[in-house]
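Shown below: protein_16.txt, with compact mmCIF, C-alpha atoms.
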# COMPACT_ATOMS: atom_id res chain seq x y z
CA MET A 18 32.56 28.43 -16.99
CA ALA A 19 33.23 26.65 -20.27
CA LYS A 20 34.70 23.67 -18.41
CA LEU A 21 31.63 23.14 -16.22
CA PRO A 22 29.70 20.87 -18.66
CA GLY A 23 32.80 18.74 -19.12
CA ALA A 24 33.24 18.42 -15.35
CA ILE A 25 29.61 17.39 -14.93
CA GLN A 26 29.96 14.82 -17.70
CA GLY A 27 33.12 13.44 -16.09
CA ALA A 28 31.45 13.20 -12.69
CA ARG A 29 28.51 11.34 -14.23
CA ILE A 30 30.84 8.84 -15.95
CA VAL A 31 32.75 8.24 -12.71
CA GLY A 32 29.47 7.70 -10.84
CA GLU A 33 28.21 5.23 -13.43
CA ARG A 34 31.48 3.29 -13.32
CA TYR A 35 31.35 3.18 -9.53
CA VAL A 36 27.79 1.87 -9.52
CA SER A 37 28.68 -0.67 -12.22
CA SER A 38 31.65 -1.93 -10.21
CA ARG A 39 29.49 -2.30 -7.12
CA ARG A 40 26.95 -4.30 -9.12
CA HIS A 41 29.63 -6.63 -10.46
CA ALA A 42 31.09 -7.10 -6.99
CA ASN A 43 27.65 -7.77 -5.49
CA PRO A 44 25.28 -8.78 -8.32
CA GLU A 45 22.56 -10.08 -5.98
CA GLY A 46 22.40 -6.87 -3.96
CA ARG A 47 23.07 -8.60 -0.65
CA MET A 48 23.73 -6.51 2.45
CA PRO A 49 24.22 -7.26 6.16
CA LEU A 50 21.34 -7.10 8.63
CA PHE A 51 22.44 -3.78 10.09
CA ASP A 52 22.58 -2.27 6.60
CA HIS A 53 18.98 -3.40 6.08
CA LEU A 54 17.99 -1.78 9.37
CA ARG A 55 19.74 1.46 8.43
CA GLU A 56 18.02 1.39 5.04
CA LEU A 57 14.67 0.86 6.75
CA ARG A 58 15.38 3.75 9.13
CA ASN A 59 16.22 6.08 6.25
CA ARG A 60 13.06 5.12 4.40
CA ILE A 61 10.92 5.68 7.49
CA VAL A 62 12.51 9.10 8.08
CA LYS A 63 11.73 10.15 4.50
CA MET A 64 8.15 8.90 4.86
CA ALA A 65 7.78 10.81 8.14
CA LEU A 66 9.14 14.02 6.60
CA ALA A 67 6.72 13.73 3.67
CA LEU A 68 3.85 13.11 6.09
CA ILE A 69 4.83 16.15 8.16
CA ALA A 70 4.95 18.31 5.03
CA GLY A 71 1.48 17.09 4.05
CA MET A 72 0.19 17.76 7.57
CA ILE A 73 1.49 21.34 7.39
CA VAL A 74 -0.62 21.80 4.27
CA GLY A 75 -3.54 20.29 6.19
CA PHE A 76 -3.05 22.80 9.03
CA ILE A 77 -2.96 25.70 6.57
CA PHE A 78 -6.10 24.60 4.71
CA PHE A 79 -7.94 23.27 7.74
CA GLU A 80 -11.25 25.03 7.12
CA PRO A 81 -11.93 23.73 3.57
CA ALA A 82 -10.66 20.27 4.53
CA TRP A 83 -12.94 20.16 7.55
CA ARG A 84 -15.95 21.24 5.49
CA VAL A 85 -15.35 18.34 3.14
CA ILE A 86 -14.99 15.84 6.01
CA GLU A 87 -18.14 16.92 7.86
CA ARG A 88 -20.29 17.13 4.71
CA PRO A 89 -21.49 13.47 4.72
CA LEU A 90 -22.71 13.88 8.30
CA CYS A 91 -24.32 17.30 7.87
CA ARG A 92 -26.21 16.23 4.75
CA THR A 93 -27.77 13.22 6.48
CA THR A 94 -31.50 13.58 7.16
CA VAL A 95 -32.74 12.33 10.55
CA ASN A 96 -36.45 12.49 11.43
CA GLY A 97 -37.00 15.01 8.66
CA HIS A 98 -34.14 17.31 9.71
CA SER A 99 -30.61 17.73 8.39
CA GLY A 100 -27.60 19.95 8.98
CA CYS A 101 -25.06 20.32 11.77
CA ALA A 102 -25.97 23.84 12.93
CA THR A 103 -29.32 22.96 14.55
CA PRO A 104 -28.94 21.70 18.15
CA GLY A 105 -29.70 18.01 18.39
CA VAL A 106 -29.54 17.42 14.63
CA ASN A 107 -26.22 15.68 13.84
CA GLN A 108 -24.47 18.32 15.91
CA LEU A 109 -20.76 17.76 16.51
CA ILE A 110 -19.53 18.61 19.99
CA LEU A 111 -16.17 18.98 21.73
CA ASN A 112 -15.70 17.72 25.29
CA SER A 113 -12.42 19.26 26.44
CA PRO A 114 -10.27 22.36 25.84
CA LEU A 115 -7.73 20.24 23.93
CA ASP A 116 -10.28 18.77 21.51
CA PRO A 117 -10.08 21.70 19.02
CA PHE A 118 -6.32 21.15 18.73
CA TYR A 119 -6.72 17.37 18.38
CA LEU A 120 -9.34 17.97 15.67
CA ARG A 121 -6.90 20.03 13.65
CA VAL A 122 -4.20 17.37 14.09
CA LYS A 123 -6.49 14.59 12.86
CA VAL A 124 -7.70 16.59 9.86
CA ALA A 125 -4.09 17.47 9.04
CA PHE A 126 -3.14 13.78 9.37
CA ILE A 127 -5.80 12.71 6.85
CA VAL A 128 -4.66 15.41 4.42
CA GLY A 129 -1.00 14.50 5.01
CA VAL A 130 -1.53 10.79 4.35
CA ILE A 131 -3.33 11.53 1.08
CA LEU A 132 -0.88 14.16 -0.16
CA SER A 133 2.23 12.17 0.82
CA SER A 134 0.95 8.87 -0.61
CA PRO A 135 3.25 9.05 -3.68
CA VAL A 136 6.28 9.48 -1.39
CA TRP A 137 5.61 6.77 1.18
CA LEU A 138 4.46 4.32 -1.48
CA TYR A 139 7.67 4.95 -3.41
CA GLN A 140 9.78 4.52 -0.25
CA LEU A 141 8.05 1.21 0.39
CA TRP A 142 8.94 0.03 -3.11
CA ALA A 143 12.50 1.40 -2.89
CA PHE A 144 13.10 -0.61 0.28
CA ILE A 145 12.15 -3.86 -1.47
CA SER A 146 13.59 -3.20 -4.93
CA PRO A 147 17.33 -3.76 -4.10
CA GLY A 148 16.62 -7.47 -3.69
CA LEU A 149 15.04 -7.76 -7.14
CA TYR A 150 16.56 -8.51 -10.51
CA ALA A 151 17.14 -5.72 -13.01
CA ARG A 152 14.09 -6.68 -15.07
CA GLU A 153 11.88 -6.79 -11.97
CA LYS A 154 13.09 -3.34 -10.88
CA ARG A 155 11.48 -1.96 -14.04
CA TRP A 156 8.16 -2.62 -12.33
CA GLY A 157 8.92 0.33 -10.00
CA ARG A 158 7.35 2.96 -12.24
CA ILE A 159 4.37 0.73 -12.96
CA PHE A 160 3.95 0.08 -9.24
CA LEU A 161 4.08 3.76 -8.33
CA CYS A 162 1.79 4.83 -11.20
CA THR A 163 -0.72 2.16 -10.12
CA ALA A 164 -0.47 2.30 -6.32
CA VAL A 165 -1.21 6.01 -5.96
CA PRO A 166 -4.41 5.97 -8.09
CA LEU A 167 -5.61 2.79 -6.36
CA PHE A 168 -5.07 4.30 -2.93
CA LEU A 169 -6.87 7.50 -3.93
CA ILE A 170 -9.74 5.54 -5.51
CA GLY A 171 -10.11 3.57 -2.28
CA ASN A 172 -10.25 6.82 -0.31
CA ALA A 173 -12.81 8.26 -2.73
CA LEU A 174 -15.05 5.19 -2.39
CA ALA A 175 -14.71 5.36 1.39
CA TYR A 176 -15.79 9.00 1.33
CA LEU A 177 -18.77 8.24 -0.91
CA SER A 178 -19.84 5.37 1.34
CA LEU A 179 -19.72 7.67 4.39
CA GLY A 180 -23.01 9.21 3.31
CA ARG A 181 -24.73 5.82 3.12
CA SER A 182 -23.27 4.79 6.48
CA MET A 183 -24.38 7.98 8.17
CA HIS A 184 -27.83 7.71 6.59
CA TYR A 185 -28.33 4.19 7.96
CA LEU A 186 -26.73 4.60 11.40
CA LEU A 187 -28.29 7.95 12.26
CA GLY A 188 -31.56 6.85 10.71
CA LEU A 189 -31.94 4.49 13.67
CA THR A 190 -32.36 7.48 16.01
CA PRO A 191 -35.78 7.32 17.74
CA SER A 192 -38.18 10.20 17.38
CA GLY A 193 -37.62 12.90 20.00
CA VAL A 194 -33.97 11.95 20.60
CA GLY A 195 -31.26 14.43 19.62
CA ASN A 196 -27.92 13.53 18.03
CA TYR A 197 -24.91 15.07 19.76
CA ILE A 198 -21.87 13.39 18.21
CA GLN A 199 -18.37 13.70 19.61
CA VAL A 200 -15.94 15.06 17.06
CA ASP A 201 -13.24 12.63 18.21
CA LEU A 202 -15.44 9.59 17.57
CA TYR A 203 -16.57 10.89 14.18
CA MET A 204 -12.99 11.57 13.08
CA SER A 205 -11.90 8.10 14.20
CA PHE A 206 -14.76 6.66 12.13
CA VAL A 207 -13.70 8.64 9.05
CA MET A 208 -10.00 7.76 9.43
CA THR A 209 -10.77 4.05 9.87
CA MET A 210 -12.90 3.90 6.75
CA MET A 211 -10.47 5.81 4.53
CA LEU A 212 -7.40 3.85 5.66
CA ALA A 213 -9.24 0.52 5.45
CA PHE A 214 -10.44 1.12 1.91
CA GLY A 215 -7.12 2.56 0.79
CA ILE A 216 -5.17 -0.43 2.13
CA ALA A 217 -7.75 -2.88 0.76
CA PHE A 218 -7.22 -1.47 -2.73
CA LEU A 219 -3.45 -1.82 -2.28
CA LEU A 220 -3.76 -5.52 -1.44
CA PRO A 221 -3.20 -6.68 -5.07
CA LEU A 222 0.01 -4.64 -5.30
CA ILE A 223 1.21 -6.03 -1.98
CA ILE A 224 0.69 -9.53 -3.37
CA ILE A 225 2.71 -8.66 -6.48
CA MET A 226 5.49 -7.11 -4.40
CA LEU A 227 5.75 -10.23 -2.22
CA ASN A 228 5.95 -12.34 -5.37
CA LEU A 229 8.67 -10.18 -6.91
CA ALA A 230 10.62 -10.42 -3.65
CA GLY A 231 10.39 -14.23 -3.83
CA ILE A 232 8.27 -14.53 -0.68
CA LEU A 233 4.90 -15.45 -2.20
CA THR A 234 4.66 -17.97 -5.03
CA HIS A 235 1.60 -18.75 -7.12
CA GLU A 236 1.40 -22.22 -5.59
CA ARG A 237 1.25 -20.72 -2.10
CA PHE A 238 -1.19 -18.08 -3.32
CA ARG A 239 -3.58 -20.78 -4.55
CA LYS A 240 -3.58 -22.43 -1.12
CA TRP A 241 -4.53 -19.13 0.59
CA ARG A 242 -6.72 -17.79 -2.20
CA ARG A 243 -10.04 -18.44 -0.46
CA VAL A 244 -8.75 -16.97 2.80
CA MET A 245 -7.60 -13.81 0.97
CA ILE A 246 -10.94 -13.37 -0.77
CA PHE A 247 -12.76 -13.90 2.52
CA GLY A 248 -10.46 -11.35 4.16
CA VAL A 249 -11.23 -8.81 1.44
CA PHE A 250 -14.98 -9.10 2.03
CA LEU A 251 -14.39 -9.07 5.79
CA ILE A 252 -12.45 -5.80 5.57
CA ALA A 253 -15.12 -4.33 3.32
CA GLY A 254 -17.82 -5.36 5.80
CA MET A 255 -15.99 -3.95 8.83
CA ALA A 256 -15.01 -0.70 7.13
CA ASN A 257 -18.56 -0.17 5.88
CA PRO A 258 -20.85 -0.49 8.92
CA SER A 259 -23.96 -0.16 6.80
CA PRO A 260 -25.64 -3.59 6.50
CA ASP A 261 -26.56 -2.82 2.90
CA PRO A 262 -25.27 -5.91 1.04
CA ILE A 263 -25.12 -4.10 -2.29
CA THR A 264 -22.51 -1.62 -1.07
CA MET A 265 -20.38 -4.34 0.49
CA LEU A 266 -20.61 -6.50 -2.64
CA ILE A 267 -19.58 -3.59 -4.87
CA LEU A 268 -16.59 -2.70 -2.72
CA GLY A 269 -15.59 -6.29 -2.04
CA GLY A 270 -16.15 -7.28 -5.65
CA ALA A 271 -13.86 -4.51 -6.89
CA CYS A 272 -11.11 -5.65 -4.52
CA VAL A 273 -11.57 -9.31 -5.51
CA ALA A 274 -11.30 -8.35 -9.21
CA LEU A 275 -8.00 -6.62 -8.45
CA VAL A 276 -6.81 -9.70 -6.54
CA GLU A 277 -7.61 -11.87 -9.57
CA VAL A 278 -5.53 -9.54 -11.76
CA ALA A 279 -2.70 -9.82 -9.23
CA GLU A 280 -2.97 -13.61 -9.32
CA PHE A 281 -2.57 -13.60 -13.10
CA ILE A 282 0.54 -11.41 -12.84
CA VAL A 283 1.98 -13.69 -10.13
CA TRP A 284 1.32 -16.74 -12.31
CA ARG A 285 3.03 -15.16 -15.31
CA ASN A 286 6.01 -14.06 -13.23
CA ASP A 287 6.45 -17.54 -11.74
CA ARG A 288 6.34 -19.10 -15.20
CA ARG A 289 8.99 -16.67 -16.41
CA ARG A 290 11.20 -17.45 -13.42
CA ALA A 291 10.80 -21.18 -13.96
CA ARG A 292 11.80 -20.76 -17.61
CA VAL A 293 14.83 -18.56 -16.90
CA HIS A 294 15.95 -20.27 -13.69
CA PRO A 295 14.63 -23.85 -13.77
CA ASP A 296 14.48 -25.74 -10.48
CA PRO A 297 16.56 -28.97 -10.67
CA TYR A 298 14.44 -30.52 -7.93
CA ALA A 299 11.08 -29.81 -9.56
CA GLY A 300 8.99 -32.90 -10.27
CA LEU A 301 11.10 -35.21 -8.10
CA ALA A 302 9.62 -37.48 -5.48
CA ASP A 303 10.85 -37.34 -1.90
CA ASP A 304 12.82 -40.59 -2.34
CA GLU A 305 14.21 -39.75 -5.80
CA LEU A 306 17.72 -38.43 -6.43
CA SER A 307 18.26 -35.29 -8.45
CA PRO A 308 20.13 -35.62 -11.78
CA LEU A 309 23.86 -34.93 -11.70
CA ASP A 310 25.46 -33.15 -14.63
CA LEU A 311 28.75 -35.01 -14.97
CA ASP A 312 30.03 -32.76 -17.75
CA ASP A 313 29.79 -29.67 -15.56
CA ALA A 314 31.33 -31.56 -12.64
CA GLY A 315 34.28 -32.74 -14.79
CA THR A 316 34.83 -29.22 -16.08
CA ARG A 317 34.98 -27.86 -12.55
CA ASP A 318 37.47 -30.59 -11.54
CA ASN A 319 39.71 -29.75 -14.48
CA GLN A 320 39.63 -26.10 -13.57
CA LEU A 321 40.61 -26.89 -9.97
CA ASN A 322 43.45 -29.14 -11.12

Encoded form (structure tokens):
Amino acid sequence: MAKLPGAIQGARIVGERYVSSRRHANPEGRMPLFDHLRELRNRIVKMALALIAGMIVGFIFFEPAWRVIERPLCRTTVNGHSGCATPGVNQLILNSPLDPFYLRVKVAFIVGVILSSPVWLYQLWAFISPGLYAREKRWGRIFLCTAVPLFLIGNALAYLSLGRSMHYLLGLTPSGVGNYIQVDLYMSFVMTMMLAFGIAFLLPLIIIMLNLAGILTHERFRKWRRVMIFGVFLIAGMANPSPDPITMLILGGACVALVEVAEFIVWRNDRRRARVHPDPYAGLADDELSPLDLDDAGTRDNQLN
């Protein structure tokens, strides 16, 4: 047993040397298309396993999770009445024998997506990070520590806005008309709002990821900036069916503020790239030749000779 620590230390050194040799042999992290597809498959499998584990927790704790989901509807007052137990007052109904099972699956799915968000967000980053430089890979921890809270904050705001949406939509019910709401339609409404707000709050991080991957530059971002801001308010308006402009402005304004922060990070990253890896064709007209470094060309010729 005394040799075990030494064996572990030797295995670690061998592993580090192997990884270092692979990096020197392939410093840019290039891989064939099929390797990318296999990598994507592995990431998707891990995301699916994490989602399934979260859904199992959702199945186990179905009752408390369902009470939380139905609370915005049951607390809504319509024609002076509230609650889901009174017939015709925001009462949820099931239409088929399979609906109770589908209800449990949808509740478990919402719980699974929330609980597994650290895993599938990390897998998304891990799939992109091999194509980044070593300094850019350091953003991984920052990305993960930022993405999860943003996604959860978006879900929390979606849940809080459910009460306002239910208050407005069900408040349109005429006097003498009962509300019998299908559980399937209500769950679809809840899932749409929570996913829409969660993804909307992840938009700034998606922009930063595309920039780190070299797909989105600040120049291209500026051209599509107005379209992105319009899209943010459009998503906020569709996800929040209440016509209350204050709610939409608060939600859309928060997302736009995050987009502005992302733009600043993209601008700083592009400036750093331009300083470290200057573009020899920058600032040249279409009919202007690029400068030729004769010293470097002569050195290469001497080396070949």

Quiz item: Taking into account all atoms listed in the file, which residue in the set A:Leu169, A:Ile61, A:Ala143, A:Leu187 is nearest to Cys91 of chain A?
Solution: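 For Cys91 of chain A, the nearest of the given residues is A:Leu187.
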
Residues of segment 203-248 of chain A that approach segment 123-141 of chain A to 9 Å or less, counting all atoms listed in the file: could you list each one with the shortest pair of atoms and its distance in Å to one decimal, rows by chain and increasing residue number, as JSON lines?
{"residue": "A:Met204", "atom": "CA", "partner": "A:Lys123", "partner_atom": "CA", "distance": 7.2}
{"residue": "A:Ser205", "atom": "CA", "partner": "A:Lys123", "partner_atom": "CA", "distance": 8.6}
{"residue": "A:Met208", "atom": "CA", "partner": "A:Ile127", "partner_atom": "CA", "distance": 7.0}
{"residue": "A:Met211", "atom": "CA", "partner": "A:Ile127", "partner_atom": "CA", "distance": 8.6}

With C-alpha atoms retained, write the just-selected residues as an mmCIF file, in the frame of the given file.
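And here's result.cif as it stands now:
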data_model
loop_
_atom_site.group_PDB
_atom_site.id
_atom_site.type_symbol
_atom_site.label_atom_id
_atom_site.label_comp_id
_atom_site.auth_asym_id
_atom_site.auth_seq_id
_atom_site.Cartn_x
_atom_site.Cartn_y
_atom_site.Cartn_z
ATOM 1 C CA MET A 204 -12.990 11.570 13.080
ATOM 2 C CA SER A 205 -11.900 8.100 14.200
ATOM 3 C CA MET A 208 -10.000 7.760 9.430
ATOM 4 C CA MET A 211 -10.470 5.810 4.530
#

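Candidate residues A:Val293, A:Val62, A:Ala274, A:Met183 were compared for distance to Arg88 of chain A, and the nearest is A:Met183, using only C-alpha atoms.
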
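Taking atom CA of Glu277 of chain A and atom CA of Arg290 of chain A as endpoints, the distance between them is 20.0 Å.
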
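Distance-wise, atom CA of Arg181 of chain A and atom CA of Gly193 of chain A end up 22.4 Å apart.
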
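What separates atom CA of Ile282 of chain A from atom CA of Met210 of chain A is a distance of 28.3 Å.
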
Exercise. Show which residues sit within 12 Å of segment 197-200 of chain A, as a count of residues only. Count all atoms listed in the file, and ignore same-chain residues fewer than 6 positions away.
Key: 32
